[in-house]
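Q: Would you mind keeping the following structure in view while I ask a few things?
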Amino acid sequence: MTTLYRNARLICPERGESTGDLLVVGDRIAGVGTVEAPAGAAIVDCRGKCLAPAIVDLGVFAIDKAACIAGGIVRVGLMPDQSPILDDPGIVQRAAAVGKPELWVHPIAAATRELKGVDLAEMAINAEAGARAVATGRRWIADAGVMARVLGYARDLGLTVVAHAEDAGLAADAVATAGETATRLGLPAAPAIAEALAIARDLMLAEQSGASIHFRQVTTAAGFDLIRAAKARGVRATCGITPAHLLLSDKAISDFRTFTRLSPPLRDEADRAAALKALGDGTIDVLCSGHDPRGPEEKRLPFTDAAPGMSGAETLLALSINAARTAGLALPRLFELLSRTPARLMALDAGTLTVGAPADLVLFDADAPWQIVGEAMVARAGNTPFDGLPVEGRVLRTIKGGVWLTA
């Protein structure tokens with residue numbers, strides 16, 4: 001099938017922003033710029049709206065096709081924290097097949113057996129089965145020797161290690177960040193330095209081994225300072241964040257609303273400001289949804305008993321546009337964070353509007369106003385901490401391999 005997208009505002013992380021046309025032949029981009037319509041091509045008038053590479057969401061905890069399609073996402077890096085855990089080649093292969101045909105699922109295999117942080121998983125065999133990276137899951141690997149071996153094997157296999165950054169000895173059973181809000185609410189809390197401690201050790205190990213390490217979510221000023229300094233030394237370190245940690249502080253938990261219970265927990269205003277600064281100065285490499293839908297049986301509980309997690313895929317683009325505007329980022333840079341860099345970390349040929357690239361696209365209106373309503377979301381659960389928030393930026397069409405998808 002041949003489709004010509006005319007009159008588009010083309011947003012590409014590599015080519016920048018321009019206006020013009022984009023031709024799709026089969027499942028690939030065949031032309032960009034001023035393109036003559038081939039005989040028999042379907043013509044789509046984009047009416048000046050934005051056409052960008054579809055989002056590659058690195059580090060989701062659930063395969064949620066409807067939420068992804070509604071959010072402009074066609075590829076997800078699936079965390080190993082599944083049932084069963086992605087620590088076996090057969091399980092990895094099955095996970096990769098689950099999303100088809102609407103969604104590319106790229107499994108991230110467990111770095112250690114059952115994610116227990118003790119024995120290394122079969123990284124090479126899992127990579128052959130389709131794993132695009134390895135991860136520590138929701139947990140930090142406490143044993144430095146084990147983490148050093150994980151990084152060494154991953155380096156030899158050319159895999160990125162996706163790390164959770166919270167020192168378990170400090171974080172333990174905490175549900176909030178230590179500070180005025182947690183004290184006033186009487187919640188078990190951990191100091192924000194739990195994140196920096198974990199990052200500091202793992203950066204040193206990554207530097208020694210030469211491995212590529214990606215901290216899935218960094219949320220504190222101290223953590224960003226460490227990442228910034230490591231990059232300056234040439235360490236192969238990257239980090240991500242969710243819009244929630246850019247736009248919300250721990251004040252959002254003041255009414256004990258369990259939709260704001262996240263992992264890592266929301267930080268104070270100073271750390272939130274540091275996150276926005278890190279977004280603007282290039283310290284942050286990836287914007288991700290942290291998609292982890294949780295139903296009422298897990299969220300309709302006292303705050304300390306509720307499960308952490310949020311439904312983020314459906315709102316990722318709109319909230320990211322909001323954060324990018326606050327940080328002064330142009331749209332091509334935003335799609336470097338949403339598409340190109342996460343694809344690169346998983347060694348995927350995706351995330352650009354260049355000729356020959358997969359025709360994975362999102363057509364969106366960057367200025368369209370709408371309101372996030374949890375109950376109206378198409379996701380498996382509407383546990384969004386942004387319920388009721390007015391936003392700008394709406395997905396009009398999600399396209400995978402040249403095919404229009406329907407949520």
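Ligands are numbered from 1 in the order shown, chains are lettered A, B, ... in the order of the structure tokens, and residues start at 1 in each chain.
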Can you list, as a list in words, every residue of region 206-345 of chain A that DSSP puts in strand (DSSP E)?
A: Ile213, His214, Phe215, Ala237, Thr238, Cys239, Gly240, Ile241, Val286 and Leu287 of chain A
Q: Write the residues of the preceding selection, restricted to N, CA, C and O atoms, as a compact mmCIF listing (two decimals), in the first residue's frame.
A:
# COMPACT_ATOMS: atom_id res chain seq x y z
N ILE A 213 24.77 1.70 30.77
CA ILE A 213 23.76 1.61 31.83
C ILE A 213 22.74 2.72 31.65
O ILE A 213 23.09 3.87 31.36
N HIS A 214 21.47 2.33 31.77
CA HIS A 214 20.38 3.30 31.68
C HIS A 214 19.58 3.26 32.97
O HIS A 214 19.04 2.21 33.33
N PHE A 215 19.54 4.38 33.67
CA PHE A 215 18.72 4.46 34.88
C PHE A 215 17.30 4.82 34.44
O PHE A 215 17.07 5.92 33.93
N ALA A 237 26.40 6.31 30.30
CA ALA A 237 25.25 6.36 31.19
C ALA A 237 24.17 7.25 30.59
O ALA A 237 24.45 8.31 30.02
N THR A 238 22.93 6.80 30.72
CA THR A 238 21.77 7.58 30.31
C THR A 238 20.71 7.47 31.41
O THR A 238 20.79 6.59 32.28
N CYS A 239 19.73 8.35 31.34
CA CYS A 239 18.66 8.26 32.34
C CYS A 239 17.34 8.72 31.74
O CYS A 239 17.29 9.46 30.76
N GLY A 240 16.28 8.24 32.37
CA GLY A 240 14.94 8.60 31.94
C GLY A 240 14.13 9.16 33.09
O GLY A 240 14.59 9.21 34.25
N ILE A 241 12.92 9.58 32.76
CA ILE A 241 12.01 10.11 33.77
C ILE A 241 10.59 10.06 33.20
O ILE A 241 10.42 10.00 31.96
N VAL A 286 15.63 10.18 28.13
CA VAL A 286 14.43 9.44 27.73
C VAL A 286 13.23 9.92 28.55
O VAL A 286 13.33 10.09 29.77
N LEU A 287 12.11 10.14 27.86
CA LEU A 287 10.83 10.35 28.54
C LEU A 287 10.01 9.07 28.36
O LEU A 287 9.83 8.61 27.23
Q: Would you kindly return, as an NGL selection string, each protein, DNA or RNA residue with an atom no farther than 12 Å from any atom of Thr354 (chain A), considering only C-alpha atoms and excluding same-chain residues fewer than 2 positions away?
A: :A and (10-16 or 22-24 or 28-33 or 52-53 or 340 or 349-352 or 356-361)
Q: Okay, now the selection with C-alpha atoms, as a PDB file, in the first residue's frame?
A:
ATOM      1  CA  LEU A  10       7.318  17.116   9.983  1.00  0.00           C
ATOM      2  CA  ILE A  11       9.044  16.527  13.320  1.00  0.00           C
ATOM      3  CA  CYS A  12      12.220  14.445  13.142  1.00  0.00           C
ATOM      4  CA  PRO A  13      14.891  14.043  15.861  1.00  0.00           C
ATOM      5  CA  GLU A  14      17.594  13.871  13.180  1.00  0.00           C
ATOM      6  CA  ARG A  15      16.294  16.178  10.426  1.00  0.00           C
ATOM      7  CA  GLY A  16      14.694  18.804  12.667  1.00  0.00           C
ATOM      8  CA  LEU A  22       5.906  12.101   3.670  1.00  0.00           C
ATOM      9  CA  LEU A  23       5.489   9.091   1.413  1.00  0.00           C
ATOM     10  CA  VAL A  24       4.963   5.597   2.775  1.00  0.00           C
ATOM     11  CA  ARG A  28       8.730   1.953   5.084  1.00  0.00           C
ATOM     12  CA  ILE A  29       9.167   5.678   4.592  1.00  0.00           C
ATOM     13  CA  ALA A  30       9.934   6.218   0.883  1.00  0.00           C
ATOM     14  CA  GLY A  31      10.128  10.003   0.606  1.00  0.00           C
ATOM     15  CA  VAL A  32      10.243  13.136   2.752  1.00  0.00           C
ATOM     16  CA  GLY A  33       9.911  16.780   1.730  1.00  0.00           C
ATOM     17  CA  ALA A  52       6.535  12.499  13.936  1.00  0.00           C
ATOM     18  CA  PRO A  53       8.075   9.081  14.565  1.00  0.00           C
ATOM     19  CA  ARG A 340      14.983   8.064  18.897  1.00  0.00           C
ATOM     20  CA  ASP A 349      15.897   0.732  13.669  1.00  0.00           C
ATOM     21  CA  ALA A 350      13.201   3.261  14.570  1.00  0.00           C
ATOM     22  CA  GLY A 351      12.576   6.761  15.821  1.00  0.00           C
ATOM     23  CA  THR A 352      13.272   8.919  12.754  1.00  0.00           C
ATOM     24  CA  GLY A 356      14.089   3.743   4.593  1.00  0.00           C
ATOM     25  CA  ALA A 357      13.019   3.914   8.237  1.00  0.00           C
ATOM     26  CA  PRO A 358       9.958   1.970   9.417  1.00  0.00           C
ATOM     27  CA  ALA A 359       6.722   3.840   8.783  1.00  0.00           C
ATOM     28  CA  ASP A 360       5.896   3.997  12.487  1.00  0.00           C
ATOM     29  CA  LEU A 361       4.284   7.407  12.825  1.00  0.00           C
TER      30      LEU A 361
END
Q: List the neighbours of region 181-187 of chain A out to 8 Å using only C-alpha atoms; skip same-chain residues closer than 5 positions along the sequence, and give me the result as a ChimeraX atom specification.
A: /A:174-176,250-251,254,304
Q: Env of Ala148 (chain A): 8 Å cut, atoms = only C-alpha atoms, seq-sep filter 4 positions within chain, self excluded. Answer as a list of chain:residue names.
A: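 My reading of the contact set: A:Ala144, A:Gly152, A:Leu205, A:Ala206, A:Ser209.
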Q: Counting only C-alpha atoms, which residues of region 153-184 of chain A fall within 12 Å of region 264-274 of chain A, and what is the closest atom pair for each with its distance in Å at one decimal, ordered by chain and rising number, as a Markdown table?
A:
| residue | atom | partner | partner_atom | distance |
| --- | --- | --- | --- | --- |
| A:His164 | CA | A:Pro264 | CA | 9.0 |
| A:Ala165 | CA | A:Pro264 | CA | 8.5 |
| A:Glu166 | CA | A:Pro264 | CA | 7.7 |
| A:Asp167 | CA | A:Pro264 | CA | 11.1 |
| A:Ala168 | CA | A:Pro264 | CA | 11.7 |
| A:Ala171 | CA | A:Pro264 | CA | 9.4 |
| A:Ala172 | CA | A:Pro264 | CA | 12.0 |
| A:Asp173 | CA | A:Pro265 | CA | 11.8 |
| A:Ala174 | CA | A:Pro265 | CA | 8.9 |
| A:Val175 | CA | A:Pro265 | CA | 6.7 |
| A:Ala176 | CA | A:Pro265 | CA | 5.3 |
| A:Thr177 | CA | A:Arg267 | CA | 6.0 |
| A:Ala178 | CA | A:Arg267 | CA | 8.8 |
| A:Gly179 | CA | A:Asp268 | CA | 7.7 |
| A:Glu180 | CA | A:Asp268 | CA | 8.9 |
| A:Thr181 | CA | A:Asp268 | CA | 8.6 |
| A:Ala182 | CA | A:Asp268 | CA | 10.2 |
Q: So that I have them on file, write out the residues from the current selection with all heavy atoms, as a short mmCIF file (atom, residue, chain, number, x, y, z; two decimals), in the first residue's frame.
A:
data_model
loop_
_atom_site.label_atom_id
_atom_site.label_comp_id
_atom_site.auth_asym_id
_atom_site.auth_seq_id
_atom_site.Cartn_x
_atom_site.Cartn_y
_atom_site.Cartn_z
N HIS A 164 17.21 0.02 38.21
CA HIS A 164 16.37 0.74 39.17
C HIS A 164 17.31 1.35 40.21
O HIS A 164 18.21 0.68 40.70
CB HIS A 164 15.38 -0.20 39.84
CG HIS A 164 14.47 0.47 40.82
ND1 HIS A 164 13.37 1.20 40.42
CD2 HIS A 164 14.50 0.55 42.18
CE1 HIS A 164 12.76 1.70 41.49
NE2 HIS A 164 13.43 1.31 42.57
N ALA A 165 17.08 2.61 40.53
CA ALA A 165 18.03 3.33 41.38
C ALA A 165 17.41 3.73 42.71
O ALA A 165 16.94 4.85 42.91
CB ALA A 165 18.54 4.58 40.65
N GLU A 166 17.37 2.79 43.64
CA GLU A 166 16.97 3.09 45.02
C GLU A 166 17.71 2.12 45.93
O GLU A 166 17.52 0.91 45.80
CB GLU A 166 15.46 2.91 45.21
CG GLU A 166 14.63 4.14 44.90
CD GLU A 166 13.17 3.91 45.29
OE1 GLU A 166 12.59 2.90 44.85
OE2 GLU A 166 12.63 4.75 46.02
N ASP A 167 18.54 2.64 46.80
CA ASP A 167 19.23 1.79 47.77
C ASP A 167 18.18 1.11 48.64
O ASP A 167 17.44 1.78 49.39
CB ASP A 167 20.18 2.64 48.62
CG ASP A 167 21.01 1.79 49.56
OD1 ASP A 167 20.42 1.11 50.43
OD2 ASP A 167 22.23 1.81 49.43
N ALA A 168 18.12 -0.21 48.52
CA ALA A 168 17.06 -0.95 49.20
C ALA A 168 17.17 -0.85 50.71
O ALA A 168 16.17 -0.94 51.43
CB ALA A 168 17.09 -2.41 48.75
N ALA A 171 15.43 2.52 51.30
CA ALA A 171 14.06 2.64 50.81
C ALA A 171 13.13 1.65 51.53
O ALA A 171 12.01 2.01 51.91
CB ALA A 171 14.03 2.38 49.31
N ALA A 172 13.59 0.42 51.73
CA ALA A 172 12.85 -0.61 52.48
C ALA A 172 11.35 -0.54 52.21
O ALA A 172 10.92 -0.71 51.09
CB ALA A 172 13.16 -0.47 53.96
N ASP A 173 10.55 -0.26 53.25
CA ASP A 173 9.09 -0.25 53.11
C ASP A 173 8.54 1.16 52.95
O ASP A 173 7.34 1.40 53.17
CB ASP A 173 8.44 -0.93 54.31
CG ASP A 173 8.86 -2.38 54.43
OD1 ASP A 173 8.98 -3.05 53.38
OD2 ASP A 173 9.05 -2.85 55.57
N ALA A 174 9.37 2.10 52.57
CA ALA A 174 8.91 3.48 52.44
C ALA A 174 7.90 3.62 51.31
O ALA A 174 7.97 2.92 50.30
CB ALA A 174 10.11 4.40 52.18
N VAL A 175 6.97 4.55 51.49
CA VAL A 175 5.97 4.81 50.45
C VAL A 175 6.01 6.27 50.00
O VAL A 175 5.22 6.68 49.16
CB VAL A 175 4.54 4.48 50.94
CG1 VAL A 175 4.44 3.02 51.33
CG2 VAL A 175 4.13 5.38 52.10
N ALA A 176 6.94 7.04 50.59
CA ALA A 176 7.02 8.46 50.26
C ALA A 176 8.46 8.92 50.47
O ALA A 176 9.30 8.19 51.01
CB ALA A 176 6.07 9.27 51.14
N THR A 177 8.72 10.15 50.01
CA THR A 177 10.03 10.75 50.22
C THR A 177 10.06 11.46 51.58
O THR A 177 9.11 12.20 51.92
CB THR A 177 10.32 11.78 49.11
OG1 THR A 177 10.28 11.11 47.85
CG2 THR A 177 11.69 12.41 49.30
N ALA A 178 11.10 11.24 52.35
CA ALA A 178 11.20 11.89 53.66
C ALA A 178 11.18 13.40 53.50
O ALA A 178 11.84 13.97 52.63
CB ALA A 178 12.49 11.44 54.35
N GLY A 179 10.42 14.05 54.38
CA GLY A 179 10.31 15.51 54.29
C GLY A 179 9.05 15.97 54.99
O GLY A 179 8.37 15.19 55.68
N GLU A 180 8.74 17.23 54.81
CA GLU A 180 7.61 17.84 55.52
C GLU A 180 6.29 17.12 55.23
O GLU A 180 5.51 16.82 56.14
CB GLU A 180 7.49 19.31 55.13
CG GLU A 180 6.33 20.01 55.80
CD GLU A 180 6.18 21.45 55.31
OE1 GLU A 180 7.15 22.00 54.75
OE2 GLU A 180 5.09 22.02 55.49
N THR A 181 6.05 16.80 53.95
CA THR A 181 4.76 16.19 53.59
C THR A 181 4.61 14.81 54.23
O THR A 181 3.58 14.51 54.84
CB THR A 181 4.64 16.07 52.06
OG1 THR A 181 4.74 17.37 51.48
CG2 THR A 181 3.31 15.45 51.67
N ALA A 182 5.64 13.97 54.10
CA ALA A 182 5.56 12.63 54.67
C ALA A 182 5.42 12.69 56.19
O ALA A 182 4.68 11.90 56.80
CB ALA A 182 6.80 11.83 54.27
#
Q: Applying 6 Å and only C-alpha atoms, which residues near region 73-90 of chain A remain after dropping the ones on its own chain fewer than 3 positions away? List them as a PyMOL selection string.
A: chain A and resi 54-61+68-69+93+103-110+113+126+129+137
Q: Restricting it to N, CA, C and O atoms, dump the selection as a PDB file, in the first residue's frame.
A:
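Once everything was written out, this is again.pdb:
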ATOM      1  N   ALA A  54       6.599   7.504  15.659  1.00  0.00           N
ATOM      2  CA  ALA A  54       5.799   7.009  16.782  1.00  0.00           C
ATOM      3  C   ALA A  54       6.678   6.832  18.016  1.00  0.00           C
ATOM      4  O   ALA A  54       7.894   6.645  17.925  1.00  0.00           O
ATOM      5  N   ILE A  55       6.051   6.902  19.161  1.00  0.00           N
ATOM      6  CA  ILE A  55       6.778   6.850  20.434  1.00  0.00           C
ATOM      7  C   ILE A  55       7.263   5.422  20.713  1.00  0.00           C
ATOM      8  O   ILE A  55       6.558   4.441  20.461  1.00  0.00           O
ATOM      9  N   VAL A  56       8.484   5.333  21.233  1.00  0.00           N
ATOM     10  CA  VAL A  56       9.058   4.068  21.700  1.00  0.00           C
ATOM     11  C   VAL A  56       9.129   4.181  23.227  1.00  0.00           C
ATOM     12  O   VAL A  56       9.927   4.954  23.758  1.00  0.00           O
ATOM     13  N   ASP A  57       8.275   3.450  23.915  1.00  0.00           N
ATOM     14  CA  ASP A  57       8.120   3.618  25.366  1.00  0.00           C
ATOM     15  C   ASP A  57       8.995   2.596  26.094  1.00  0.00           C
ATOM     16  O   ASP A  57       8.668   1.411  26.152  1.00  0.00           O
ATOM     17  N   LEU A  58      10.071   3.065  26.645  1.00  0.00           N
ATOM     18  CA  LEU A  58      11.066   2.199  27.281  1.00  0.00           C
ATOM     19  C   LEU A  58      10.741   1.972  28.759  1.00  0.00           C
ATOM     20  O   LEU A  58      10.756   2.903  29.559  1.00  0.00           O
ATOM     21  N   GLY A  59      10.399   0.725  29.092  1.00  0.00           N
ATOM     22  CA  GLY A  59      10.241   0.387  30.505  1.00  0.00           C
ATOM     23  C   GLY A  59       8.819   0.326  30.997  1.00  0.00           C
ATOM     24  O   GLY A  59       8.533   0.766  32.110  1.00  0.00           O
ATOM     25  N   VAL A  60       7.884  -0.244  30.184  1.00  0.00           N
ATOM     26  CA  VAL A  60       6.510  -0.403  30.667  1.00  0.00           C
ATOM     27  C   VAL A  60       6.402  -1.726  31.429  1.00  0.00           C
ATOM     28  O   VAL A  60       7.188  -2.645  31.231  1.00  0.00           O
ATOM     29  N   PHE A  61       5.361  -1.792  32.277  1.00  0.00           N
ATOM     30  CA  PHE A  61       5.181  -2.988  33.088  1.00  0.00           C
ATOM     31  C   PHE A  61       3.993  -3.844  32.630  1.00  0.00           C
ATOM     32  O   PHE A  61       3.747  -4.894  33.201  1.00  0.00           O
ATOM     33  N   CYS A  68      -1.637   2.260  24.426  1.00  0.00           N
ATOM     34  CA  CYS A  68      -0.504   2.630  23.574  1.00  0.00           C
ATOM     35  C   CYS A  68      -0.972   3.280  22.276  1.00  0.00           C
ATOM     36  O   CYS A  68      -0.444   4.318  21.861  1.00  0.00           O
ATOM     37  N   ILE A  69      -1.949   2.677  21.630  1.00  0.00           N
ATOM     38  CA  ILE A  69      -2.446   3.240  20.375  1.00  0.00           C
ATOM     39  C   ILE A  69      -3.000   4.642  20.617  1.00  0.00           C
ATOM     40  O   ILE A  69      -2.742   5.575  19.862  1.00  0.00           O
ATOM     41  N   GLN A  93      10.505 -15.148  24.295  1.00  0.00           N
ATOM     42  CA  GLN A  93       9.925 -15.291  22.952  1.00  0.00           C
ATOM     43  C   GLN A  93       8.421 -15.070  22.976  1.00  0.00           C
ATOM     44  O   GLN A  93       7.871 -14.379  22.118  1.00  0.00           O
ATOM     45  N   LEU A 103       1.155  -3.954  18.043  1.00  0.00           N
ATOM     46  CA  LEU A 103       2.195  -3.355  18.884  1.00  0.00           C
ATOM     47  C   LEU A 103       3.472  -4.185  18.798  1.00  0.00           C
ATOM     48  O   LEU A 103       3.419  -5.416  18.833  1.00  0.00           O
ATOM     49  N   TRP A 104       4.612  -3.489  18.688  1.00  0.00           N
ATOM     50  CA  TRP A 104       5.894  -4.174  18.817  1.00  0.00           C
ATOM     51  C   TRP A 104       6.235  -4.253  20.298  1.00  0.00           C
ATOM     52  O   TRP A 104       6.345  -3.227  20.967  1.00  0.00           O
ATOM     53  N   VAL A 105       6.394  -5.468  20.792  1.00  0.00           N
ATOM     54  CA  VAL A 105       6.827  -5.644  22.183  1.00  0.00           C
ATOM     55  C   VAL A 105       8.277  -6.106  22.170  1.00  0.00           C
ATOM     56  O   VAL A 105       8.595  -7.161  21.592  1.00  0.00           O
ATOM     57  N   HIS A 106       9.153  -5.323  22.782  1.00  0.00           N
ATOM     58  CA  HIS A 106      10.574  -5.654  22.850  1.00  0.00           C
ATOM     59  C   HIS A 106      10.901  -6.036  24.304  1.00  0.00           C
ATOM     60  O   HIS A 106      11.012  -5.159  25.169  1.00  0.00           O
ATOM     61  N   PRO A 107      11.026  -7.314  24.572  1.00  0.00           N
ATOM     62  CA  PRO A 107      11.246  -7.750  25.959  1.00  0.00           C
ATOM     63  C   PRO A 107      12.590  -7.254  26.505  1.00  0.00           C
ATOM     64  O   PRO A 107      13.605  -7.236  25.810  1.00  0.00           O
ATOM     65  N   ILE A 108      12.568  -6.864  27.745  1.00  0.00           N
ATOM     66  CA  ILE A 108      13.791  -6.552  28.496  1.00  0.00           C
ATOM     67  C   ILE A 108      13.941  -7.681  29.515  1.00  0.00           C
ATOM     68  O   ILE A 108      13.118  -7.820  30.428  1.00  0.00           O
ATOM     69  N   ALA A 109      14.946  -8.501  29.332  1.00  0.00           N
ATOM     70  CA  ALA A 109      15.080  -9.707  30.150  1.00  0.00           C
ATOM     71  C   ALA A 109      15.603  -9.381  31.547  1.00  0.00           C
ATOM     72  O   ALA A 109      16.265  -8.359  31.766  1.00  0.00           O
ATOM     73  N   ALA A 110      15.288 -10.278  32.458  1.00  0.00           N
ATOM     74  CA  ALA A 110      15.795 -10.123  33.834  1.00  0.00           C
ATOM     75  C   ALA A 110      17.311 -10.314  33.840  1.00  0.00           C
ATOM     76  O   ALA A 110      17.836 -11.235  33.215  1.00  0.00           O
ATOM     77  N   ARG A 113      18.257 -14.285  37.886  1.00  0.00           N
ATOM     78  CA  ARG A 113      17.169 -15.261  37.947  1.00  0.00           C
ATOM     79  C   ARG A 113      16.100 -14.778  38.931  1.00  0.00           C
ATOM     80  O   ARG A 113      16.401 -14.412  40.066  1.00  0.00           O
ATOM     81  N   ASN A 126      18.843 -15.443  26.297  1.00  0.00           N
ATOM     82  CA  ASN A 126      17.668 -14.566  26.272  1.00  0.00           C
ATOM     83  C   ASN A 126      17.796 -13.516  25.164  1.00  0.00           C
ATOM     84  O   ASN A 126      16.794 -13.130  24.548  1.00  0.00           O
ATOM     85  N   ALA A 129      16.852 -14.996  22.040  1.00  0.00           N
ATOM     86  CA  ALA A 129      15.395 -15.205  21.994  1.00  0.00           C
ATOM     87  C   ALA A 129      14.640 -13.908  21.733  1.00  0.00           C
ATOM     88  O   ALA A 129      13.409 -13.931  21.575  1.00  0.00           O
ATOM     89  N   GLY A 137      14.770  -4.837  37.042  1.00  0.00           N
ATOM     90  CA  GLY A 137      13.360  -4.820  37.416  1.00  0.00           C
ATOM     91  C   GLY A 137      13.051  -3.683  38.365  1.00  0.00           C
ATOM     92  O   GLY A 137      13.683  -2.631  38.333  1.00  0.00           O
TER      93      GLY A 137
END
Q: Neighbouring residues of Val150 (chain A) were defined as those with any atom within 8 Å, considering only C-alpha atoms; residues of the same chain fewer than 6 positions away were excluded. Please report them as an MDAnalysis selection string.
A: chainID A and resid 111:112 120 161
Q: Those same residues, written as a JSON list (two decimals), in the first residue's frame with N, CA, C and O atoms?
A:
[["chain", "number", "residue", "atom", "x", "y", "z"],
["A", 111, "ALA", "N", 18.00, -9.45, 34.56],
["A", 111, "ALA", "CA", 19.44, -9.58, 34.67],
["A", 111, "ALA", "C", 19.84, -10.74, 35.58],
["A", 111, "ALA", "O", 20.88, -11.36, 35.39],
["A", 112, "THR", "N", 18.98, -11.02, 36.55],
["A", 112, "THR", "CA", 19.25, -12.12, 37.48],
["A", 112, "THR", "C", 18.03, -13.04, 37.54],
["A", 112, "THR", "O", 16.91, -12.62, 37.26],
["A", 120, "LEU", "N", 23.04, -14.80, 38.09],
["A", 120, "LEU", "CA", 22.80, -14.19, 36.78],
["A", 120, "LEU", "C", 21.88, -15.05, 35.93],
["A", 120, "LEU", "O", 21.97, -16.29, 35.94],
["A", 161, "VAL", "N", 22.11, -2.21, 30.25],
["A", 161, "VAL", "CA", 21.52, -2.61, 31.53],
["A", 161, "VAL", "C", 20.58, -1.50, 31.99],
["A", 161, "VAL", "O", 20.99, -0.34, 32.15]]
Q: Just the residues within 8 Å of region 141-143 of chain A, please, counting only C-alpha atoms, with nothing from its chain fewer than 4 positions along; format it as a compact mmCIF listing (two decimals) with N, CA, C and O atoms, in the first residue's frame.
A:
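Result saved to out-v1.txt:
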# COMPACT_ATOMS: atom_id res chain seq x y z
N LYS A 116 16.00 -11.83 41.64
CA LYS A 116 16.34 -11.87 43.05
C LYS A 116 17.68 -11.21 43.36
O LYS A 116 18.06 -11.07 44.52
N GLY A 117 18.44 -10.88 42.31
CA GLY A 117 19.70 -10.19 42.53
C GLY A 117 20.81 -11.07 43.07
O GLY A 117 21.75 -10.58 43.69
N VAL A 118 20.70 -12.38 42.81
CA VAL A 118 21.68 -13.33 43.34
C VAL A 118 22.45 -14.02 42.20
O VAL A 118 23.67 -13.86 42.07
N THR A 136 17.24 -4.76 36.04
CA THR A 136 17.16 -5.21 37.43
C THR A 136 15.72 -5.23 37.91
O THR A 136 15.47 -5.60 39.04
N MET A 147 26.15 -7.11 40.65
CA MET A 147 25.92 -6.03 39.68
C MET A 147 27.13 -5.87 38.76
O MET A 147 26.97 -5.61 37.56
N ASP A 167 18.54 2.64 46.80
CA ASP A 167 19.23 1.79 47.77
C ASP A 167 18.18 1.11 48.64
O ASP A 167 17.44 1.78 49.39
N ALA A 168 18.12 -0.21 48.52
CA ALA A 168 17.06 -0.95 49.20
C ALA A 168 17.17 -0.85 50.71
O ALA A 168 16.17 -0.94 51.43
Q: Quick one: pull the distance between CA of Glu122 (chain A) and CA of Ala135 (chain A), Å, one decimal.
A: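 About the pair CA of Glu122 (chain A) and CA of Ala135 (chain A): they are 12.6 Å apart.
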Q: Could you build a table of the residues in region 33-90 of chain A lying no more than 8 Å from region 370-394 of chain A, giving for each the nearest pair of atoms and their separation in Å rounded to one decimal place, using only C-alpha atoms, ordered by chain and ascending residue number, as a tab-separated table?
A:
residue	atom	partner	partner_atom	distance
A:Asp64	CA	A:Arg380	CA	6.6
A:Ala66	CA	A:Ala379	CA	6.1
A:Ala67	CA	A:Ala379	CA	4.5
A:Ala70	CA	A:Val378	CA	7.6
